[in-house]
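Student: Data file structure04.tsv (TSV, C-alpha atoms and all ligand atoms) is appended below.
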```tsv
chain	number	residue	atom	x	y	z
B	1	MET	CA	109.73	121.93	113.08
B	2	GLN	CA	106.33	122.62	114.59
B	3	VAL	CA	103.97	119.92	115.89
B	4	LEU	CA	100.27	120.76	115.68
B	5	HIS	CA	97.87	118.50	117.57
B	6	ASP	CA	94.53	119.87	116.41
B	7	SER	CA	93.05	121.47	113.33
B	8	ALA	CA	92.74	124.94	114.95
B	9	ALA	CA	96.50	124.97	115.65
B	10	TRP	CA	97.19	123.61	112.18
B	11	LEU	CA	95.01	126.27	110.49
B	12	ALA	CA	96.89	128.98	112.40
B	13	TYR	CA	100.18	127.54	111.06
B	14	ARG	CA	98.70	127.40	107.55
B	15	ARG	CA	97.58	131.05	107.71
B	16	GLU	CA	100.97	132.20	108.98
B	17	HIS	CA	103.20	130.14	106.69
B	18	GLY	CA	101.18	129.50	103.52
B	19	GLU	CA	100.97	126.44	101.28
B	20	GLY	CA	103.43	123.56	101.42
B	21	ALA	CA	104.21	120.09	100.09
B	22	PHE	CA	102.17	117.46	101.92
B	23	VAL	CA	102.90	113.86	102.94
B	24	PRO	CA	99.92	112.09	104.54
B	25	THR	CA	100.89	109.11	106.73
B	26	MET	CA	99.56	106.83	109.43
B	27	GLY	CA	102.80	107.08	111.42
B	28	ALA	CA	105.09	104.17	112.38
B	29	LEU	CA	107.42	105.93	109.99
B	30	HIS	CA	110.32	104.20	108.24
B	31	ALA	CA	112.86	105.01	105.52
B	32	GLY	CA	110.10	104.87	102.85
B	33	HIS	CA	108.25	107.70	104.55
B	34	ALA	CA	111.55	109.55	105.10
B	35	ALA	CA	112.16	109.50	101.33
B	36	LEU	CA	108.71	111.04	100.74
B	37	ILE	CA	109.36	113.74	103.34
B	38	ARG	CA	112.80	114.59	101.91
B	39	ASP	CA	111.24	114.76	98.44
B	40	ALA	CA	108.45	117.05	99.71
B	41	SER	CA	110.99	119.24	101.45
B	42	SER	CA	113.14	119.70	98.34
B	43	ARG	CA	110.04	120.32	96.18
B	44	ALA	CA	108.91	123.00	98.63
B	45	LEU	CA	112.34	124.60	98.41
B	46	ARG	CA	112.52	124.41	94.59
B	47	GLN	CA	108.98	125.66	94.09
B	48	GLY	CA	109.20	128.37	96.77
B	49	LEU	CA	106.37	126.91	98.87
B	50	PRO	CA	106.58	128.85	102.14
B	51	GLY	CA	104.84	126.17	104.25
B	52	GLY	CA	107.68	123.69	103.60
B	53	ALA	CA	107.18	119.93	103.96
B	54	VAL	CA	104.06	119.13	105.98
B	55	VAL	CA	103.48	115.61	107.36
B	56	SER	CA	100.21	114.36	108.81
B	57	ILE	CA	100.21	111.45	111.23
B	58	PHE	CA	96.78	109.94	111.74
B	59	VAL	CA	95.78	106.27	111.98
B	60	ASN	CA	92.50	106.55	110.10
B	61	PRO	CA	89.91	104.14	111.52
B	62	THR	CA	87.57	104.35	108.50
B	63	GLN	CA	90.03	102.68	106.12
B	64	PHE	CA	90.56	99.56	108.26
B	65	ASN	CA	88.12	96.81	107.42
B	66	ASP	CA	89.59	94.61	110.17
B	67	PRO	CA	89.22	96.11	113.69
B	68	LYS	CA	92.09	93.92	114.98
B	69	ASP	CA	94.40	95.35	112.30
B	70	TYR	CA	93.38	98.86	113.43
B	71	SER	CA	93.92	98.25	117.12
B	72	ARG	CA	97.34	96.64	116.68
B	73	TYR	CA	98.57	99.21	114.11
B	74	PRO	CA	101.84	100.56	115.59
B	75	ARG	CA	101.68	104.03	117.17
B	76	THR	CA	105.18	105.45	117.67
B	77	LEU	CA	104.73	109.23	117.77
B	78	GLU	CA	108.02	110.16	119.45
B	79	ALA	CA	110.18	108.20	117.04
B	80	ASP	CA	108.03	109.51	114.15
B	81	LEU	CA	108.67	113.12	115.16
B	82	ALA	CA	112.43	112.46	115.29
B	83	LEU	CA	112.32	110.95	111.78
B	84	CYS	CA	110.27	113.92	110.50
B	85	GLN	CA	112.75	116.38	111.99
B	86	ALA	CA	115.72	114.54	110.48
B	87	SER	CA	114.04	114.42	107.04
B	88	GLY	CA	113.53	118.17	106.63
B	89	CYS	CA	109.90	118.41	107.74
B	90	SER	CA	108.62	121.89	108.66
B	91	ALA	CA	105.33	120.95	110.34
B	92	VAL	CA	103.67	117.79	111.64
B	93	PHE	CA	99.89	117.70	111.88
B	94	ALA	CA	98.95	114.92	114.32
B	95	PRO	CA	95.25	115.36	115.09
B	96	SER	CA	92.99	113.29	117.35
B	97	GLU	CA	90.15	111.17	116.00
B	98	ALA	CA	87.55	113.54	117.49
B	99	ASP	CA	89.18	116.44	115.67
B	100	ILE	CA	89.07	114.71	112.28
B	101	TYR	CA	85.69	113.03	112.82
B	102	PRO	CA	83.68	115.40	115.04
B	103	PRO	CA	80.82	113.40	116.55
B	104	GLY	CA	77.66	113.82	114.51
B	105	ARG	CA	79.47	115.50	111.61
B	106	PRO	CA	81.34	112.80	109.65
B	107	PRO	CA	83.26	114.27	106.72
B	108	ARG	CA	81.97	113.56	103.25
B	109	VAL	CA	82.91	110.33	101.46
B	110	PRO	CA	83.45	111.40	97.83
B	111	PRO	CA	82.17	109.15	95.03
B	112	LEU	CA	84.51	106.19	94.72
B	113	PRO	CA	86.61	106.38	91.52
B	114	ALA	CA	86.18	103.41	89.17
B	115	VAL	CA	89.81	102.40	89.67
B	116	ALA	CA	89.02	101.74	93.35
B	117	ARG	CA	86.58	99.00	92.38
B	118	THR	CA	88.66	97.21	89.76
B	119	PRO	CA	87.72	93.55	90.14
B	120	GLY	CA	90.20	91.23	91.79
B	121	LEU	CA	92.33	93.88	93.53
B	122	GLU	CA	92.13	95.63	96.93
B	123	ASP	CA	88.36	96.17	96.92
B	124	ALA	CA	87.76	92.44	96.54
B	125	HIS	CA	89.78	91.75	99.69
B	126	ARG	CA	89.36	94.94	101.73
B	127	PRO	CA	85.81	96.13	100.96
B	128	GLY	CA	85.29	99.71	102.14
B	129	HIS	CA	89.02	100.40	102.38
B	130	PHE	CA	89.18	102.95	99.56
B	131	ALA	CA	86.01	104.72	100.69
B	132	GLY	CA	87.87	105.33	103.98
B	133	VAL	CA	91.03	106.39	102.14
B	134	CYS	CA	89.12	108.85	99.93
B	135	GLN	CA	87.29	110.23	102.96
B	136	ILE	CA	90.45	110.94	104.95
B	137	VAL	CA	92.55	112.16	102.02
B	138	LEU	CA	89.81	114.59	100.95
B	139	ARG	CA	89.42	115.83	104.55
B	140	LEU	CA	93.20	116.30	104.91
B	141	PHE	CA	93.51	117.99	101.51
B	142	GLU	CA	90.77	120.44	102.54
B	143	LEU	CA	92.46	121.21	105.86
B	144	VAL	CA	96.08	121.24	104.73
B	145	ASP	CA	95.32	122.83	101.33
B	146	PRO	CA	98.76	121.96	99.90
B	147	ALA	CA	100.18	122.87	96.49
B	148	VAL	CA	101.53	119.35	96.06
B	149	ALA	CA	101.05	116.00	97.83
B	150	VAL	CA	103.57	113.15	97.69
B	151	PHE	CA	102.45	109.52	97.83
B	152	GLY	CA	104.37	106.24	97.60
B	153	GLU	CA	104.12	103.92	94.62
B	154	LYS	CA	104.21	101.13	97.22
B	155	ASP	CA	100.42	101.60	97.43
B	156	TRP	CA	100.00	101.69	93.65
B	157	GLN	CA	96.23	101.30	93.49
B	158	GLN	CA	95.82	103.94	96.22
B	159	LEU	CA	97.94	106.35	94.16
B	160	GLN	CA	95.66	105.82	91.13
B	161	VAL	CA	92.55	106.23	93.32
B	162	VAL	CA	93.84	109.50	94.82
B	163	ARG	CA	94.75	110.86	91.37
B	164	SER	CA	91.24	110.03	90.08
B	165	MET	CA	89.57	111.56	93.13
B	166	VAL	CA	91.59	114.76	92.79
B	167	GLU	CA	90.52	115.02	89.15
B	168	ALA	CA	86.85	114.25	89.86
B	169	GLU	CA	86.71	116.73	92.76
B	170	ARG	CA	88.65	119.31	90.73
B	171	LEU	CA	91.11	119.87	93.58
B	172	ARG	CA	94.06	122.13	92.85
B	173	VAL	CA	96.64	119.88	94.55
B	174	ARG	CA	99.24	118.19	92.31
B	175	VAL	CA	99.76	114.52	93.18
B	176	GLU	CA	103.27	113.08	92.85
B	177	GLY	CA	104.24	109.39	93.18
B	178	LEU	CA	107.60	108.22	94.52
B	179	ALA	CA	109.30	104.87	93.89
B	180	THR	CA	109.08	102.19	96.59
B	181	ILE	CA	111.92	102.12	99.12
B	182	ARG	CA	113.12	98.58	99.88
B	183	GLU	CA	115.26	96.83	102.45
B	184	ALA	CA	118.68	95.78	101.10
B	185	ASP	CA	117.29	92.29	100.37
B	186	GLY	CA	114.35	93.60	98.35
B	187	LEU	CA	111.46	93.54	100.85
B	188	ALA	CA	109.33	96.66	100.40
B	189	MET	CA	109.45	98.71	103.59
B	190	SER	CA	106.17	98.69	105.49
B	191	SER	CA	104.99	99.63	108.95
B	192	ARG	CA	103.62	96.07	109.18
B	193	ASN	CA	106.96	94.30	108.51
B	194	ARG	CA	107.75	94.46	112.26
B	195	PHE	CA	105.02	91.85	112.84
B	196	LEU	CA	106.72	89.21	110.65
B	197	THR	CA	108.34	86.30	112.50
B	198	PRO	CA	111.97	85.67	111.45
B	199	GLU	CA	110.83	82.71	109.30
B	200	ASP	CA	108.05	84.70	107.65
B	201	ARG	CA	110.45	87.62	107.08
B	202	VAL	CA	112.50	85.22	104.89
B	203	ARG	CA	109.40	83.80	103.13
B	204	ALA	CA	108.18	87.34	102.43
B	205	LEU	CA	111.19	87.87	100.16
B	206	ALA	CA	109.38	85.71	97.59
B	207	ILE	CA	107.11	88.70	96.89
B	208	SER	CA	109.81	91.03	95.57
B	209	ARG	CA	111.59	88.03	93.97
B	210	ALA	CA	108.38	87.15	92.10
B	211	LEU	CA	108.11	90.71	90.79
B	212	ARG	CA	111.75	90.64	89.62
B	213	GLU	CA	111.48	87.24	87.93
B	214	ALA	CA	108.24	88.21	86.18
B	215	ARG	CA	110.19	90.86	84.27
B	216	GLN	CA	111.63	88.11	82.08
B	217	ALA	CA	108.20	86.82	80.97
B	218	PRO	CA	107.12	87.72	77.43
B	219	THR	CA	103.39	88.32	78.04
B	220	PRO	CA	101.15	89.49	80.92
B	221	ASP	CA	99.66	85.98	81.21
B	222	GLU	CA	103.06	84.35	81.47
B	223	ALA	CA	104.22	87.03	83.92
B	224	GLU	CA	101.24	86.17	86.15
B	225	GLY	CA	102.27	82.52	85.92
B	226	VAL	CA	105.77	83.43	87.13
B	227	LEU	CA	104.34	85.48	90.03
B	228	ARG	CA	102.20	82.53	91.17
B	229	ARG	CA	105.02	80.00	90.74
B	230	VAL	CA	107.59	81.97	92.76
B	231	LEU	CA	105.06	82.68	95.52
B	232	GLY	CA	103.97	79.02	95.52
B	233	GLU	CA	107.59	77.91	95.98
B	234	ALA	CA	107.54	79.86	99.28
B	235	SER	CA	104.10	78.38	100.17
B	236	ILE	CA	102.48	81.79	99.77
B	237	VAL	CA	98.91	81.78	98.44
B	238	PRO	CA	98.34	85.34	97.23
B	239	GLU	CA	95.08	87.26	97.44
B	240	TYR	CA	96.06	88.45	94.00
B	241	ALA	CA	99.17	88.29	91.83
B	242	VAL	CA	98.35	89.98	88.55
B	243	VAL	CA	99.54	92.18	85.72
B	244	ARG	CA	97.28	95.11	84.91
B	245	GLU	CA	97.27	98.24	82.76
B	246	ALA	CA	99.22	100.69	84.96
B	247	SER	CA	96.68	103.49	85.52
B	248	SER	CA	93.21	101.99	84.94
B	249	LEU	CA	94.32	98.66	86.48
B	250	GLN	CA	92.12	96.89	83.93
B	251	ARG	CA	92.97	93.37	82.81
B	252	PRO	CA	94.78	93.10	79.50
B	253	ALA	CA	92.13	92.89	76.78
B	254	ALA	CA	92.32	89.87	74.47
B	255	GLY	CA	94.79	90.72	71.72
B	256	ALA	CA	95.95	93.88	73.55
B	257	LYS	CA	99.03	95.49	72.06
B	258	VAL	CA	101.34	94.93	75.03
B	259	HIS	CA	104.08	97.18	73.67
B	260	THR	CA	101.92	100.28	73.45
B	261	GLN	CA	100.62	100.23	77.03
B	262	ARG	CA	102.16	100.65	80.47
B	263	TRP	CA	101.79	97.71	82.84
B	264	ARG	CA	102.09	97.05	86.54
B	265	ALA	CA	102.54	93.74	88.33
B	266	LEU	CA	100.74	93.76	91.69
B	267	ILE	CA	100.74	91.32	94.60
B	268	ALA	CA	98.83	91.13	97.89
B	269	ALA	CA	99.47	88.19	100.16
B	270	GLY	CA	99.16	87.13	103.75
B	271	VAL	CA	102.49	85.90	105.14
B	272	GLY	CA	101.88	84.42	108.57
B	273	ASN	CA	99.38	86.86	110.04
B	274	VAL	CA	100.70	89.89	108.17
B	275	ARG	CA	99.12	91.18	104.97
B	276	LEU	CA	101.77	92.53	102.58
B	277	ILE	CA	101.39	94.36	99.27
B	278	ASP	CA	103.99	95.16	96.64
B	279	ASN	CA	104.13	96.03	92.94
B	280	ASP	CA	106.54	96.87	90.17
B	281	ALA	CA	106.53	98.06	86.59
B	282	TRP	CA	106.23	95.19	84.12
B	283	GLU	CA	107.17	95.64	80.49
B	284	PRO	CA	107.37	93.09	77.73
B	285	PRO	CA	110.85	92.39	76.37
B	286	ARG	CA	111.69	94.71	73.46
B	287	PRO	CA	110.96	93.10	70.09
B	288	ASN	CA	114.18	91.90	68.49
B	289	THR	CA	114.97	94.50	65.84
B	290	GLY	CA	118.33	92.81	65.08
B	301	LIG	P1	101.10	104.76	105.35
B	301	LIG	O1	101.64	105.45	106.55
B	301	LIG	O2	101.42	103.32	105.28
B	301	LIG	O3	99.65	105.09	105.11
B	301	LIG	O4	101.88	105.38	104.12
B	301	LIG	C1	102.01	106.79	103.95
B	301	LIG	C2	102.65	107.03	102.61
B	301	LIG	O5	103.94	106.41	102.58
B	301	LIG	C3	101.85	106.43	101.45
B	301	LIG	O6	101.87	107.35	100.36
B	301	LIG	C4	102.61	105.17	101.14
B	301	LIG	O7	102.47	104.75	99.79
B	301	LIG	C5	104.04	105.62	101.42
B	301	LIG	N1	104.91	104.47	101.64
B	301	LIG	C6	104.71	103.42	102.49
B	301	LIG	N2	105.71	102.53	102.38
B	301	LIG	C7	106.57	103.01	101.44
B	301	LIG	C8	107.80	102.54	100.87
B	301	LIG	N3	108.35	101.39	101.22
B	301	LIG	N4	108.40	103.31	99.92
B	301	LIG	C9	107.84	104.50	99.53
B	301	LIG	N5	106.68	105.00	100.04
B	301	LIG	C10	106.06	104.26	100.97
```
Just give me the structure of the file as structure tokens.
Ligand code: AMP
Tutor:
Amino acid sequence: MQVLHDSAAWLAYRREHGEGAFVPTMGALHAGHAALIRDASSRALRQGLPGGAVVSIFVNPTQFNDPKDYSRYPRTLEADLALCQASGCSAVFAPSEADIYPPGRPPRVPPLPAVARTPGLEDAHRPGHFAGVCQIVLRLFELVDPAVAVFGEKDWQQLQVVRSMVEAERLRVRVEGLATIREADGLAMSSRNRFLTPEDRVRALAISRALREARQAPTPDEAEGVLRRVLGEASIVPEYAVVREASSLQRPAAGAKVHTQRWRALIAAGVGNVRLIDNDAWEPPRPNTG
């Protein structure tokens, strides 16, 4: 595995080895990231991509709307490199901020896809976040120039935003989404989980429990009621706890045919001083054909 610390070194690797399968990350890697890297590595093998699995590690300042969140974001490069190595990664691109954002020449922010602004979701609570995400993902896609990029479904809205941006910008990269990796008790793995106090770690389980219990509800409205009830039982007041059409993230239209659309239940909530997000597929119970 090679570790490239600036874009000149990366571009030399890219010229020598060719295109690969790309996993962009902000580091503080855990088993969720490892699953993405293993997936990228086996895709590269299957598809004969000579560059192998390529991981970027860069804590992108432009996507943090809270400077305190940015400064306390965990930076654990040595452990990250060990995890990359063990997960079948061929190259790590870990650039500095000055390399990605050369003073006086900020990279372009592409037009924000509509799905980034869907009312009531991330944009309502983290204004500017997706502009920063689109900026860094576009910059990395241009530098890394991969055949395929693997993202986690954990950040469901981000996955839809990246797909839309790739389409609008007519990029050649194929975007793949991978299911969320969870702790044994259901908590979605996140680099921020380490900041939970032991009590909040237990309360946080209400998030995945809410998503599971909502599966039994017969309509999107009732599913949202279940999400709020289960969170409320753990004294969690969510930023949002909703059921939306899975790719546009629009609210269900009045009289929508729930059986002919795909749905996603999505939650964002502060637990103690940690903001957590999670989501899951929601589908209405099959009509009884008995
Ligand atoms: P991050 O480093 O948090 O920006 O995440 C980098 C990539 O890892 C993104 O595509 C995330 O969606 C993905 N990811 C984060 N947590 C998980 C998880 N628990 N399971 C699967 N993918 C994840």
Student: CA of Glu239 in chain B and CA of Gly255 in chain B are how many Å apart?
Tutor: 26.0 Å
Student: Residues of chain B within 6 Å of ligand LIG 301 (chain B): nearest atom pair and distance (Å, one decimal) for each, counting all atoms listed in the file, sorted by chain and number, as JSON lines?
Tutor:
```
{"residue": "B:Pro24", "atom": "CA", "partner": "B:LIG301", "partner_atom": "C1", "distance": 5.7}
{"residue": "B:Thr25", "atom": "CA", "partner": "B:LIG301", "partner_atom": "O1", "distance": 3.7}
{"residue": "B:Met26", "atom": "CA", "partner": "B:LIG301", "partner_atom": "O1", "distance": 3.8}
{"residue": "B:Gly27", "atom": "CA", "partner": "B:LIG301", "partner_atom": "O1", "distance": 5.3}
{"residue": "B:Gly32", "atom": "CA", "partner": "B:LIG301", "partner_atom": "N4", "distance": 3.7}
{"residue": "B:His33", "atom": "CA", "partner": "B:LIG301", "partner_atom": "O5", "distance": 4.9}
{"residue": "B:Phe151", "atom": "CA", "partner": "B:LIG301", "partner_atom": "O6", "distance": 3.4}
{"residue": "B:Gly152", "atom": "CA", "partner": "B:LIG301", "partner_atom": "O7", "distance": 3.3}
{"residue": "B:Glu153", "atom": "CA", "partner": "B:LIG301", "partner_atom": "O7", "distance": 5.5}
{"residue": "B:Lys154", "atom": "CA", "partner": "B:LIG301", "partner_atom": "O7", "distance": 4.8}
{"residue": "B:Asp155", "atom": "CA", "partner": "B:LIG301", "partner_atom": "O7", "distance": 4.4}
{"residue": "B:Ala179", "atom": "CA", "partner": "B:LIG301", "partner_atom": "C9", "distance": 5.8}
{"residue": "B:Thr180", "atom": "CA", "partner": "B:LIG301", "partner_atom": "N4", "distance": 3.6}
{"residue": "B:Ile181", "atom": "CA", "partner": "B:LIG301", "partner_atom": "N4", "distance": 3.8}
{"residue": "B:Arg182", "atom": "CA", "partner": "B:LIG301", "partner_atom": "N3", "distance": 5.7}
{"residue": "B:Ala188", "atom": "CA", "partner": "B:LIG301", "partner_atom": "N3", "distance": 4.9}
{"residue": "B:Met189", "atom": "CA", "partner": "B:LIG301", "partner_atom": "N3", "distance": 3.7}
{"residue": "B:Ser190", "atom": "CA", "partner": "B:LIG301", "partner_atom": "N2", "distance": 5.0}
```
Student: Generate a file of the selected residues that holds C-alpha atoms, formatted as a tab-separated table (two decimals), keeping the file's coordinate frame.
Tutor:
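The resulting part.tsv:
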```tsv
chain	number	residue	atom	x	y	z
B	24	PRO	CA	99.92	112.09	104.54
B	25	THR	CA	100.89	109.11	106.73
B	26	MET	CA	99.56	106.83	109.43
B	27	GLY	CA	102.80	107.08	111.42
B	32	GLY	CA	110.10	104.87	102.85
B	33	HIS	CA	108.25	107.70	104.55
B	151	PHE	CA	102.45	109.52	97.83
B	152	GLY	CA	104.37	106.24	97.60
B	153	GLU	CA	104.12	103.92	94.62
B	154	LYS	CA	104.21	101.13	97.22
B	155	ASP	CA	100.42	101.60	97.43
B	179	ALA	CA	109.30	104.87	93.89
B	180	THR	CA	109.08	102.19	96.59
B	181	ILE	CA	111.92	102.12	99.12
B	182	ARG	CA	113.12	98.58	99.88
B	188	ALA	CA	109.33	96.66	100.40
B	189	MET	CA	109.45	98.71	103.59
B	190	SER	CA	106.17	98.69	105.49
```
Student: Would you compute the distance between CA of Arg203 in chain B and CA of Tyr73 in chain B? Give it in Å to one decimal.
Tutor: 21.8 Å
Student: Let me make sure I understand: among B:Gln261, B:Gln250, B:Ser208, B:Asn279, which one has the smallest atom-to-atom distance to Gly120 in chain B if we use all atoms listed in the file?
Tutor: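 Closest to Gly120 in chain B of all the choices is B:Gln250.
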Student: Would you place a box with edges along x, y and z of the file around all atoms of range 48-61 of chain B listed there, add 3 Å to each of its six sides, and report the centre and edge lengths in Å to one decimal, as JSON?
Tutor:
```
{"center_x": 99.6, "center_y": 116.5, "center_z": 104.4, "size_x": 25.3, "size_y": 30.7, "size_z": 21.2}
```
Student: As an exercise, work out the distance from CA of Ala149 in chain B to CA of Arg262 in chain B in Å and give it to one decimal place.
Tutor: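 Separating CA of Ala149 in chain B from CA of Arg262 in chain B is a distance of 23.2 Å.
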Student: For Arg264 in chain B, which of B:Gly186, B:Trp156, B:Ser7, B:Ile207 is the closest residue, counting only C-alpha atoms?
Tutor: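 Nearest to Arg264 in chain B: B:Trp156.
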Student: I'd like to know which of B:Val148, B:Ser247, B:Arg139, B:Glu167 is closest to Leu36 in chain B, using only C-alpha atoms.
Tutor: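 Under the stated criterion, the closest residue is B:Val148.
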Student: Between B:Glu233, B:Asp145, B:Glu97, B:Asp280, which residue has the minimum interatomic distance to Gly20 in chain B, considering only C-alpha atoms?
Tutor: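 Using only C-alpha atoms, Gly20 in chain B sits closest to B:Asp145.
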